[in-house]
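Structure file entry_33.tsv (TSV, C-alpha atoms) follows.
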```
chain	number	residue	atom	x	y	z
A	1	MET	CA	39.16	65.44	102.23
A	2	ALA	CA	37.28	62.53	103.74
A	3	GLY	CA	37.59	58.98	102.48
A	4	ASN	CA	36.05	57.81	99.19
A	5	GLY	CA	36.64	61.22	97.66
A	6	VAL	CA	33.91	62.87	99.73
A	7	PRO	CA	35.10	66.28	100.85
A	8	ASP	CA	35.15	67.18	104.52
A	9	ASP	CA	32.12	69.29	105.39
A	10	ALA	CA	34.46	71.61	107.29
A	11	THR	CA	35.93	72.84	104.01
A	12	PRO	CA	32.95	73.46	101.75
A	13	LEU	CA	33.35	75.04	98.34
A	14	PRO	CA	31.79	78.46	97.75
A	15	ARG	CA	28.30	78.24	96.30
A	16	ASP	CA	29.43	79.71	92.98
A	17	GLY	CA	32.11	77.02	92.74
A	18	LEU	CA	29.52	74.30	93.29
A	19	ARG	CA	27.31	75.75	90.58
A	20	ARG	CA	30.23	75.78	88.17
A	21	ALA	CA	31.00	72.18	89.10
A	22	ARG	CA	27.39	71.22	88.47
A	23	ARG	CA	27.43	72.85	85.02
A	24	ALA	CA	30.71	71.14	84.21
A	25	VAL	CA	29.51	67.66	85.14
A	26	ALA	CA	26.27	68.31	83.22
A	27	LEU	CA	28.37	69.08	80.13
A	28	VAL	CA	30.25	65.81	80.68
A	29	PHE	CA	26.93	63.92	80.61
A	30	LEU	CA	25.94	65.79	77.42
A	31	ILE	CA	29.23	64.83	75.75
A	32	HIS	CA	28.94	61.21	76.84
A	33	GLY	CA	25.45	60.98	75.32
A	34	SER	CA	26.61	62.68	72.11
A	35	VAL	CA	29.07	59.85	71.45
A	36	THR	CA	26.25	57.30	71.61
A	37	GLY	CA	24.00	59.39	69.36
A	38	ASN	CA	26.66	59.83	66.68
A	39	PHE	CA	27.55	56.14	66.68
A	40	ALA	CA	23.97	54.88	66.49
A	41	THR	CA	23.23	56.79	63.29
A	42	ARG	CA	26.19	55.25	61.45
A	43	ILE	CA	25.49	51.61	62.27
A	44	PRO	CA	23.96	51.02	58.79
A	45	TRP	CA	27.14	52.41	57.16
A	46	ILE	CA	29.29	50.21	59.38
A	47	GLN	CA	27.23	47.14	58.44
A	48	ASP	CA	27.60	47.90	54.73
A	49	HIS	CA	31.32	48.64	55.10
A	50	THR	CA	32.04	45.38	56.93
A	51	GLY	CA	29.68	43.32	54.75
A	52	ILE	CA	28.13	41.49	57.70
A	53	SER	CA	24.64	40.05	57.92
A	54	PRO	CA	21.91	41.36	60.24
A	55	GLY	CA	22.49	38.39	62.55
A	56	GLN	CA	26.22	39.08	62.70
A	57	LEU	CA	25.51	42.74	63.36
A	58	GLY	CA	23.25	41.79	66.25
A	59	LEU	CA	26.04	39.64	67.67
A	60	ALA	CA	28.58	42.44	67.31
A	61	LEU	CA	26.27	44.94	69.01
A	62	ALA	CA	26.27	42.78	72.14
A	63	PHE	CA	29.97	43.48	72.66
A	64	PRO	CA	29.64	47.07	73.98
A	65	ALA	CA	27.56	45.83	76.92
A	66	ILE	CA	30.02	42.99	77.54
A	67	GLY	CA	32.98	45.37	77.47
A	68	ALA	CA	31.22	47.80	79.79
A	69	SER	CA	30.30	45.11	82.30
A	70	LEU	CA	33.88	43.79	82.41
A	71	ALA	CA	35.54	47.20	82.74
A	72	MET	CA	33.19	49.09	85.06
A	73	PRO	CA	34.75	47.77	88.31
A	74	LEU	CA	38.08	49.33	87.24
A	75	ALA	CA	36.70	52.87	87.36
A	76	GLY	CA	36.76	53.08	91.16
A	77	ARG	CA	40.38	52.02	91.35
A	78	ILE	CA	41.39	54.53	88.66
A	79	SER	CA	39.57	57.33	90.50
A	80	HIS	CA	41.26	56.30	93.77
A	81	ARG	CA	44.69	56.36	92.12
A	82	PHE	CA	44.45	59.60	90.16
A	83	GLY	CA	41.61	61.56	91.78
A	84	ALA	CA	38.10	62.08	90.43
A	85	ARG	CA	38.89	64.94	88.03
A	86	ALA	CA	41.96	63.41	86.40
A	87	ALA	CA	40.30	59.99	86.17
A	88	LEU	CA	37.21	61.42	84.53
A	89	ARG	CA	39.32	63.47	82.11
A	90	GLY	CA	41.23	60.40	80.98
A	91	LEU	CA	38.29	58.00	80.86
A	92	LEU	CA	36.07	60.46	79.00
A	93	ALA	CA	38.84	61.01	76.44
A	94	LEU	CA	39.09	57.23	75.93
A	95	TRP	CA	35.33	57.14	75.36
A	96	THR	CA	35.18	60.01	72.89
A	97	LEU	CA	38.22	58.78	70.94
A	98	SER	CA	36.85	55.22	70.81
A	99	LEU	CA	33.99	56.56	68.69
A	100	VAL	CA	36.07	56.18	65.54
A	101	LEU	CA	37.10	52.54	66.16
A	102	PRO	CA	33.98	50.75	64.82
A	103	ALA	CA	34.12	52.66	61.52
A	104	LEU	CA	37.75	51.59	61.00
A	105	SER	CA	36.89	47.90	61.33
A	106	PRO	CA	37.09	45.92	58.06
A	107	GLY	CA	35.19	42.82	59.21
A	108	LEU	CA	33.20	41.06	61.90
A	109	TYR	CA	36.06	40.06	64.21
A	110	THR	CA	37.73	43.46	64.22
A	111	LEU	CA	34.31	45.09	64.69
A	112	GLY	CA	33.66	42.90	67.71
A	113	ALA	CA	37.03	43.86	69.20
A	114	ALA	CA	36.43	47.55	68.47
A	115	LEU	CA	32.98	47.45	70.08
A	116	LEU	CA	34.39	45.63	73.11
A	117	ALA	CA	36.90	48.47	73.61
A	118	TYR	CA	34.19	51.04	72.86
A	119	GLY	CA	31.94	49.51	75.53
A	120	ALA	CA	34.75	49.29	78.08
A	121	ALA	CA	35.53	53.00	77.65
A	122	SER	CA	31.82	53.81	77.87
A	123	GLY	CA	31.32	51.82	81.07
A	124	MET	CA	34.33	53.20	82.93
A	125	SER	CA	33.57	56.81	82.05
A	126	ASP	CA	29.90	56.21	82.90
A	127	VAL	CA	30.77	55.04	86.42
A	128	ALA	CA	33.25	57.89	86.94
A	129	MET	CA	30.83	60.62	85.88
A	130	ASN	CA	27.93	59.18	87.88
A	131	ALA	CA	30.08	58.89	91.00
A	132	LEU	CA	31.18	62.50	90.59
A	133	GLY	CA	27.58	63.51	89.92
A	134	VAL	CA	26.47	61.92	93.21
A	135	GLN	CA	29.27	63.67	95.11
A	136	THR	CA	28.40	67.01	93.51
A	137	GLU	CA	24.74	66.45	94.43
A	138	ASP	CA	25.75	65.74	98.04
A	139	ARG	CA	27.64	69.00	98.33
A	140	LEU	CA	24.89	71.03	96.71
A	141	GLY	CA	22.32	69.53	99.06
A	142	ARG	CA	19.65	69.17	96.38
A	143	PRO	CA	18.84	66.62	93.65
A	144	ILE	CA	20.68	66.96	90.33
A	145	MET	CA	21.03	63.35	89.11
A	146	SER	CA	17.81	63.29	87.09
A	147	GLY	CA	18.83	66.50	85.33
A	148	LEU	CA	22.28	65.09	84.61
A	149	HIS	CA	20.77	62.04	82.95
A	150	GLY	CA	18.44	64.39	81.10
A	151	MET	CA	21.53	66.10	79.74
A	152	TRP	CA	22.79	62.69	78.61
A	153	SER	CA	19.52	62.16	76.73
A	154	ALA	CA	19.82	65.64	75.20
A	155	GLY	CA	23.37	64.82	74.13
A	156	ALA	CA	22.21	61.59	72.51
A	157	LEU	CA	19.56	63.53	70.59
A	158	LEU	CA	22.12	66.15	69.47
A	159	GLY	CA	24.58	63.46	68.47
A	160	SER	CA	21.95	61.56	66.51
A	161	ALA	CA	20.91	64.79	64.77
A	162	ALA	CA	24.52	65.45	63.73
A	163	GLY	CA	24.89	61.86	62.58
A	164	THR	CA	21.66	62.02	60.61
A	165	VAL	CA	22.89	65.10	58.77
A	166	ALA	CA	26.21	63.38	58.03
A	167	ALA	CA	24.48	60.23	56.80
A	168	HIS	CA	22.02	62.21	54.65
A	169	ALA	CA	24.94	64.10	53.10
A	170	GLY	CA	26.63	60.79	52.28
A	171	TRP	CA	29.75	61.46	54.34
A	172	ASP	CA	32.16	58.60	54.94
A	173	ALA	CA	31.54	57.48	58.52
A	174	ARG	CA	35.29	57.27	59.16
A	175	LEU	CA	35.65	61.00	58.50
A	176	HIS	CA	32.42	61.92	60.30
A	177	LEU	CA	33.18	59.91	63.44
A	178	ALA	CA	36.84	60.99	63.51
A	179	GLY	CA	35.76	64.64	63.34
A	180	ALA	CA	33.11	64.11	66.01
A	181	ALA	CA	35.63	62.30	68.22
A	182	LEU	CA	38.10	65.17	67.97
A	183	VAL	CA	35.52	67.85	68.77
A	184	LEU	CA	34.01	65.89	71.66
A	185	THR	CA	37.44	65.07	73.11
A	186	LEU	CA	38.37	68.76	73.19
A	187	LEU	CA	35.02	69.70	74.72
A	188	GLY	CA	35.41	66.93	77.27
A	189	ALA	CA	38.86	68.15	78.33
A	190	LEU	CA	37.46	71.65	78.84
A	191	ALA	CA	34.43	70.39	80.76
A	192	CYS	CA	36.53	68.27	83.10
A	193	GLN	CA	38.51	71.33	84.16
A	194	GLY	CA	35.45	72.54	86.06
A	195	VAL	CA	34.35	69.36	87.89
A	196	LEU	CA	35.12	68.77	91.56
A	197	ASP	CA	38.71	67.68	92.19
A	198	LEU	CA	38.04	65.01	94.81
A	199	ARG	CA	40.71	62.68	96.12
A	200	SER	CA	40.70	59.69	98.42
A	201	GLY	CA	42.15	60.08	101.90
A	202	PRO	CA	45.62	58.62	102.55
A	203	GLU	CA	44.16	56.08	104.98
A	204	GLU	CA	41.72	54.68	102.44
A	205	HIS	CA	42.52	51.34	100.83
A	206	PRO	CA	42.09	51.17	97.05
A	207	PRO	CA	39.04	49.25	95.84
A	208	PRO	CA	39.70	45.81	94.34
A	209	ARG	CA	40.30	45.55	90.61
A	210	PHE	CA	37.41	43.15	90.28
A	211	ALA	CA	34.82	42.36	92.93
A	212	LEU	CA	31.25	41.21	93.12
A	213	PRO	CA	28.81	44.09	93.61
A	214	PRO	CA	27.89	44.70	97.26
A	215	LYS	CA	24.53	43.35	98.40
A	216	SER	CA	23.10	46.87	98.57
A	217	ALA	CA	23.94	47.39	94.89
A	218	LEU	CA	22.19	44.14	93.93
A	219	VAL	CA	18.96	45.25	95.62
A	220	ILE	CA	19.07	48.76	94.16
A	221	GLY	CA	20.14	47.33	90.80
A	222	ALA	CA	16.95	45.25	90.68
A	223	ILE	CA	14.96	48.48	90.50
A	224	GLY	CA	17.24	49.76	87.75
A	225	PHE	CA	16.84	46.42	85.95
A	226	CYS	CA	13.05	46.87	85.76
A	227	ALA	CA	13.34	50.41	84.40
A	228	VAL	CA	16.03	49.64	81.83
A	229	PHE	CA	14.21	46.52	80.65
A	230	ALA	CA	11.15	48.66	79.94
A	231	GLU	CA	13.35	51.27	78.25
A	232	GLY	CA	15.05	48.73	75.99
A	233	ALA	CA	11.73	47.11	75.10
A	234	ALA	CA	10.10	50.43	74.23
A	235	LEU	CA	13.02	51.81	72.21
A	236	ASP	CA	13.59	48.65	70.16
A	237	TRP	CA	10.06	47.29	69.85
A	238	SER	CA	7.57	50.19	70.00
A	239	ALA	CA	7.61	50.80	66.24
A	240	VAL	CA	7.38	47.06	65.55
A	241	TYR	CA	4.47	46.78	67.98
A	242	LEU	CA	2.46	49.48	66.24
A	243	ARG	CA	3.25	48.08	62.80
A	244	ASP	CA	2.59	44.40	63.50
A	245	ARG	CA	-0.02	44.58	66.25
A	246	LEU	CA	-2.06	47.56	65.06
A	247	GLY	CA	-1.27	47.67	61.33
A	248	THR	CA	0.22	51.17	61.50
A	249	ASP	CA	2.25	52.55	58.59
A	250	ALA	CA	6.02	52.80	59.03
A	251	GLY	CA	6.17	56.56	59.54
A	252	LEU	CA	3.57	56.69	62.31
A	253	ALA	CA	4.98	53.56	63.91
A	254	ALA	CA	8.44	55.16	64.11
A	255	ALA	CA	6.88	58.19	65.79
A	256	SER	CA	6.01	56.04	68.79
A	257	THR	CA	9.73	55.65	69.52
A	258	THR	CA	10.16	59.42	69.29
A	259	VAL	CA	7.26	59.97	71.69
A	260	PHE	CA	8.82	57.62	74.21
A	261	ALA	CA	12.29	59.16	73.92
A	262	CYS	CA	10.98	62.72	74.18
A	263	THR	CA	8.81	62.14	77.26
A	264	MET	CA	11.71	60.37	78.91
A	265	ALA	CA	14.15	63.21	78.17
A	266	VAL	CA	11.73	65.92	79.32
A	267	ALA	CA	10.89	64.03	82.52
A	268	ARG	CA	14.56	63.64	83.35
A	269	LEU	CA	15.28	67.32	82.81
A	270	ALA	CA	12.36	68.26	85.07
A	271	GLY	CA	12.78	65.38	87.50
A	272	ASP	CA	15.05	67.04	90.05
A	273	LYS	CA	12.33	69.46	91.19
A	274	VAL	CA	9.88	66.59	91.58
A	275	VAL	CA	12.38	64.56	93.60
A	276	ALA	CA	13.20	67.57	95.79
A	277	ARG	CA	9.49	68.03	96.53
A	278	PHE	CA	8.36	64.44	97.02
A	279	GLY	CA	11.51	62.40	97.62
A	280	ALA	CA	13.02	59.50	95.70
A	281	VAL	CA	10.74	56.77	97.02
A	282	ARG	CA	7.45	58.54	96.37
A	283	THR	CA	8.64	59.75	92.96
A	284	VAL	CA	9.58	56.23	91.84
A	285	ARG	CA	6.34	54.75	93.17
A	286	THR	CA	4.34	57.31	91.23
A	287	GLY	CA	6.52	56.81	88.17
A	288	GLY	CA	6.05	53.05	88.37
A	289	ALA	CA	2.30	53.51	88.53
A	290	LEU	CA	2.42	55.77	85.44
A	291	ALA	CA	4.63	53.29	83.57
A	292	ALA	CA	2.34	50.37	84.49
A	293	ALA	CA	-0.70	52.39	83.35
A	294	GLY	CA	1.14	53.05	80.09
A	295	GLY	CA	1.82	49.34	79.72
A	296	LEU	CA	-1.87	48.57	80.21
A	297	LEU	CA	-2.75	51.08	77.50
A	298	ILE	CA	-0.25	49.41	75.17
A	299	VAL	CA	-1.46	45.83	75.66
A	300	THR	CA	-5.15	46.79	75.41
A	301	ALA	CA	-4.77	49.31	72.56
A	302	ARG	CA	-7.02	49.03	69.55
A	303	HIS	CA	-5.86	52.28	67.98
A	304	PRO	CA	-2.31	53.63	67.36
A	305	ALA	CA	-2.98	56.80	69.35
A	306	THR	CA	-3.75	54.75	72.45
A	307	ALA	CA	-0.55	52.74	72.15
A	308	MET	CA	1.50	55.89	71.53
A	309	ALA	CA	-0.01	57.46	74.64
A	310	GLY	CA	0.98	54.30	76.52
A	311	PHE	CA	4.59	54.55	75.34
A	312	GLY	CA	4.61	58.22	76.31
A	313	LEU	CA	3.41	57.39	79.81
A	314	MET	CA	5.98	54.63	80.08
A	315	GLY	CA	8.80	57.01	79.18
A	316	LEU	CA	7.49	59.53	81.69
A	317	GLY	CA	7.23	56.92	84.43
A	318	ILE	CA	10.64	55.27	84.18
A	319	ALA	CA	12.68	58.38	83.37
A	320	VAL	CA	14.09	59.16	86.80
A	321	VAL	CA	14.52	55.61	88.08
A	322	VAL	CA	18.07	54.96	86.86
A	323	PRO	CA	19.43	58.36	88.01
A	324	LEU	CA	17.94	57.77	91.45
A	325	ALA	CA	19.30	54.22	91.53
A	326	PHE	CA	22.81	55.55	90.87
A	327	ALA	CA	22.33	58.21	93.55
A	328	ALA	CA	21.15	55.63	96.10
A	329	ALA	CA	24.02	53.28	95.21
A	330	GLY	CA	26.54	56.07	95.71
A	331	ARG	CA	25.33	56.50	99.28
A	332	SER	CA	24.70	52.87	100.16
A	333	GLY	CA	28.11	52.01	101.57
A	334	PRO	CA	31.76	52.94	102.02
A	335	ALA	CA	32.74	52.39	98.34
A	336	PRO	CA	30.53	54.59	96.10
A	337	SER	CA	32.26	53.76	92.83
A	338	GLN	CA	32.05	50.02	93.49
A	339	ALA	CA	28.33	50.25	94.31
A	340	ILE	CA	27.63	52.43	91.26
A	341	ALA	CA	29.59	49.99	89.08
A	342	GLY	CA	27.44	47.15	90.44
A	343	VAL	CA	24.20	48.95	89.67
A	344	ALA	CA	25.49	49.99	86.25
A	345	THR	CA	26.47	46.41	85.42
A	346	ILE	CA	22.98	45.19	86.29
A	347	THR	CA	21.30	47.91	84.22
A	348	TYR	CA	23.62	47.30	81.25
A	349	THR	CA	22.76	43.60	81.47
A	350	SER	CA	19.07	44.45	81.47
A	351	GLY	CA	19.49	46.63	78.41
A	352	LEU	CA	21.37	43.82	76.72
A	353	ILE	CA	18.81	41.08	77.30
A	354	ALA	CA	15.59	43.11	77.00
A	355	PRO	CA	15.37	43.32	73.18
A	356	SER	CA	16.08	39.62	72.68
A	357	ALA	CA	13.79	38.60	75.57
A	358	ILE	CA	10.93	40.60	74.07
A	359	GLY	CA	11.55	38.96	70.71
A	360	GLY	CA	11.73	35.48	72.22
A	361	ILE	CA	8.47	35.89	74.12
A	362	ALA	CA	6.81	37.36	71.03
A	363	GLN	CA	7.98	34.41	68.97
A	364	ALA	CA	6.61	31.93	71.51
A	365	THR	CA	3.37	33.80	72.26
A	366	SER	CA	2.77	37.35	71.03
A	367	LEU	CA	4.05	40.90	71.30
A	368	THR	CA	1.09	41.63	73.55
A	369	MET	CA	2.38	39.08	76.07
A	370	SER	CA	5.87	40.60	75.78
A	371	PHE	CA	4.58	43.98	76.83
A	372	ALA	CA	2.45	42.38	79.54
A	373	LEU	CA	5.79	41.34	81.07
A	374	VAL	CA	7.09	44.90	80.69
A	375	THR	CA	3.95	46.14	82.46
A	376	ALA	CA	4.54	43.72	85.34
A	377	LEU	CA	8.14	44.91	85.69
A	378	ALA	CA	6.94	48.51	85.70
A	379	PHE	CA	4.58	47.67	88.55
A	380	GLY	CA	7.61	46.20	90.31
A	381	LEU	CA	8.88	49.78	90.65
A	382	VAL	CA	5.87	50.58	92.82
A	383	VAL	CA	6.56	47.60	95.07
A	384	GLY	CA	10.33	47.96	95.31
A	385	ALA	CA	10.79	51.75	95.40
A	386	ARG	CA	11.53	51.74	99.12
A	387	VAL	CA	15.03	50.32	98.50
A	388	LEU	CA	16.02	53.76	97.19
A	389	ARG	CA	15.58	55.26	100.64
A	390	VAL	CA	18.84	55.95	102.45
A	391	PRO	CA	18.17	56.10	106.21
A	392	GLY	CA	18.15	59.66	107.46
A	393	ARG	CA	18.76	61.18	104.03
A	394	THR	CA	16.82	62.36	101.03
A	395	ALA	CA	17.70	61.82	97.39
A	396	SER	CA	19.62	65.08	97.57
A	397	GLY	CA	21.87	63.82	100.35
A	398	ALA	CA	20.43	66.28	102.89
A	399	PRO	CA	18.68	65.13	106.10
A	400	ALA	CA	15.34	63.59	105.30
A	401	ALA	CA	12.51	66.08	105.58
A	402	THR	CA	9.35	65.13	103.74
A	403	GLY	CA	9.32	62.96	100.65
A	404	ASP	CA	11.49	60.09	101.87
A	405	LEU	CA	9.95	59.81	105.31
A	406	GLU	CA	6.76	58.15	104.14
A	407	ARG	CA	6.11	54.70	105.53
A	408	SER	CA	6.88	51.68	103.41
```
Let me see the file written as structure tokens.
Amino acid sequence: MAGNGVPDDATPLPRDGLRRARRAVALVFLIHGSVTGNFATRIPWIQDHTGISPGQLGLALAFPAIGASLAMPLAGRISHRFGARAALRGLLALWTLSLVLPALSPGLYTLGAALLAYGAASGMSDVAMNALGVQTEDRLGRPIMSGLHGMWSAGALLGSAAGTVAAHAGWDARLHLAGAALVLTLLGALACQGVLDLRSGPEEHPPPRFALPPKSALVIGAIGFCAVFAEGAALDWSAVYLRDRLGTDAGLAAASTTVFACTMAVARLAGDKVVARFGAVRTVRTGGALAAAGGLLIVTARHPATAMAGFGLMGLGIAVVVPLAFAAAGRSGPAPSQAIAGVATITYTSGLIAPSAIGGIAQATSLTMSFALVTALAFGLVVGARVLRVPGRTASGAPAATGDLERS
């Protein structure tokens, strides 16, 4: 094994073993997303159970991002100490089991603590699975990161469907989330058996417990920031935009969120073939142009169908940006987990501030101006896409051939 858990090319796995590893890490992404989907559907129950106000709930829901940002740098050290497979197995189990914690909280303070732990487990397992996804992609020699994030989106949809059924049936969220946590923990343990068992070389120094992200991660993270800001704005404000700006009824307004989420999930599942054909840089530039065109449709819309088409285009355009940012971070220096943690921290921060920033701008001006900012950030993807190019390599980790050799 080479340093940083990257296997020596002289001892490649059989092709069938790589395919099994790819399926296993894809299942890990599905499970990780399922936890989020189950939790999101039971937030109303948790609010009623704790008796907190909407403002207090908003405050509490900031704690997962805080916990994730604080804990993410630890993932690299854990992987270095125990190996990628064992680290992922343990961190994923912490994440799935933490699903039950918010429902057990009797009040605001305990809920905040539970969500802090929930976010920390989410962030560490997120970094571990993305680092392993990048390493699996390298060995396969073709892009898989977009598809892996598509599996996360599919898992979130499945988890939210299960949670919706449980909520509609009136199940106590403590029982529902405990059952979901148990099932997902068992599935996660099985999935982790099949991922690559990568270990750091004996000469490699462990990464620091806490460190500032490397400069390369900051630059790549800026691209992720733009995409996640647009994602957070669309998910949290699309229905409000159609209702308040265009006078749409609640049912049709909510459908705009579904349109955005569906186009994003489909684009991620299909994105690997596009990246393999055109390269990361060209794909992100085209995606940024689509997202910016969607933003223009949104801010100029006079009819709900136009705005919904805009949100659909935005989801299509930004879908592959974060997976490609993680992939680029994992190859940007000698410490993949540290770079991925840096990019993840920036994207989590973007997701945290986007909803409130959109609301603040809307309060001061209008929702139209808020989405004008989102449109400008989407165009930033066109301008900044070149930072995703790794010299001499494509998004798949193979020698650059076509898509990533275009001039800046």
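Shortest separation to Gly271 in chain A among A:Ser238, A:Ser146, A:Gln193, A:Thr41 occurs at residue A:Ser146, atoms counted being all atoms listed in the file.
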(request) Quick one: everything within 6 Å of range 312-329 of chain A, counting only C-alpha atoms, minus sequence neighbours fewer than 3 positions away in the same chain. Send it as a PyMOL selection string. (result) chain A and resi 134+145-146+217+224+227+259-260+263-264+267-268+287-288+290-291+294+309+332+339-340+388
(request) Find, counting all atoms listed in the file, the residue in A:Leu269, A:Ala169, A:Ala68, A:Ala103 that gets nearest to Tyr118 in chain A. (result) A:Ala68
(request) State, in Å with one decimal place, the distance from CA of Gly112 in chain A to CA of Gly221 in chain A. (result) 27.1 Å
(request) Give the answer as one residue: which of A:Ile66, A:Leu91, A:Ala21, A:Val343 has the shortest atom-to-atom distance to Val228 in chain A, using all atoms listed in the file? (result) A:Val343
(message) Residues near Gly342 in chain A, anyone? I mean within 10 Å using only C-alpha atoms, not counting same-chain ones fewer than 5 positions away, as a PyMOL selection string.
(response) chain A and resi 69+72-73+127+211-218+220-221+326+329+336-337+347-348
Would you output that residue set with C-alpha atoms, as a PDB file, in the frame of the given file?
```pdb
ATOM      1  CA  SER A  69      30.300  45.110  82.300  1.00  0.00           C
ATOM      2  CA  MET A  72      33.190  49.090  85.060  1.00  0.00           C
ATOM      3  CA  PRO A  73      34.750  47.770  88.310  1.00  0.00           C
ATOM      4  CA  VAL A 127      30.770  55.040  86.420  1.00  0.00           C
ATOM      5  CA  ALA A 211      34.820  42.360  92.930  1.00  0.00           C
ATOM      6  CA  LEU A 212      31.250  41.210  93.120  1.00  0.00           C
ATOM      7  CA  PRO A 213      28.810  44.090  93.610  1.00  0.00           C
ATOM      8  CA  PRO A 214      27.890  44.700  97.260  1.00  0.00           C
ATOM      9  CA  LYS A 215      24.530  43.350  98.400  1.00  0.00           C
ATOM     10  CA  SER A 216      23.100  46.870  98.570  1.00  0.00           C
ATOM     11  CA  ALA A 217      23.940  47.390  94.890  1.00  0.00           C
ATOM     12  CA  LEU A 218      22.190  44.140  93.930  1.00  0.00           C
ATOM     13  CA  ILE A 220      19.070  48.760  94.160  1.00  0.00           C
ATOM     14  CA  GLY A 221      20.140  47.330  90.800  1.00  0.00           C
ATOM     15  CA  PHE A 326      22.810  55.550  90.870  1.00  0.00           C
ATOM     16  CA  ALA A 329      24.020  53.280  95.210  1.00  0.00           C
ATOM     17  CA  PRO A 336      30.530  54.590  96.100  1.00  0.00           C
ATOM     18  CA  SER A 337      32.260  53.760  92.830  1.00  0.00           C
ATOM     19  CA  THR A 347      21.300  47.910  84.220  1.00  0.00           C
ATOM     20  CA  TYR A 348      23.620  47.300  81.250  1.00  0.00           C
TER      21      TYR A 348
END
```
Every residue with an atom at most 8 Å from (33.6, 58.7, 86.8) (file coordinates; all atoms listed in the file) is what I'm after, so could you write them as a compact mmCIF listing (two decimals) with C-alpha atoms, in the coordinates of the input?
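To be explicit, this is the file written out as result_26.txt:
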```txt
# COMPACT_ATOMS: atom_id res chain seq x y z
CA ALA A 75 36.70 52.87 87.36
CA GLY A 76 36.76 53.08 91.16
CA SER A 79 39.57 57.33 90.50
CA ALA A 84 38.10 62.08 90.43
CA ALA A 87 40.30 59.99 86.17
CA LEU A 88 37.21 61.42 84.53
CA LEU A 91 38.29 58.00 80.86
CA MET A 124 34.33 53.20 82.93
CA SER A 125 33.57 56.81 82.05
CA ASP A 126 29.90 56.21 82.90
CA VAL A 127 30.77 55.04 86.42
CA ALA A 128 33.25 57.89 86.94
CA MET A 129 30.83 60.62 85.88
CA ASN A 130 27.93 59.18 87.88
CA ALA A 131 30.08 58.89 91.00
CA LEU A 132 31.18 62.50 90.59
CA SER A 337 32.26 53.76 92.83
```
(message) What's around Gly58 in chain A at 12 Å? Count all atoms listed in the file, leave out sequence neighbours fewer than 6 positions away in its own chain, and write the answer as a ChimeraX atom specification.
(response) /A:43-44,47,52,64,108,111-112,115,352-353,355-356
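Considering all atoms listed in the file, the residue among A:Phe311, A:Ala305, A:Arg282, A:Arg245 positioned nearest to Ser366 in chain A is A:Arg245.
In this structure, CA of Thr375 in chain A sits 5.0 Å away from CA of Ala292 in chain A.
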(request) Go through A:Ser160, A:Gly310, A:Val374, A:Ala289 and flag the residue nearest Gly232 in chain A, using all atoms listed in the file for the distances. (result) A:Val374
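From CA of Leu61 in chain A back to CA of Gln338 in chain A, the distance works out to 25.7 Å.
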(message) Just want the 8 Å neighbourhood of Leu101 in chain A, counted on all atoms listed in the file, with same-chain residues fewer than 3 positions away dropped. Output as number ranges by chain.
(response) A: 97-98, 104-105, 114-115, 118
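Of the residues under consideration (A:Asp249, A:Tyr241, A:Arg331, A:Pro102), A:Tyr241 shows the shortest atom-to-atom contact distance to Leu367 in chain A when counting only C-alpha atoms.
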(message) Residues within 8 Å of Leu92 in chain A, please, as a ChimeraX atom specification. Count all atoms listed in the file; anything in the same chain fewer than 4 positions from it doesn't count.
(response) /A:32,88,96,121-122,125,185,188
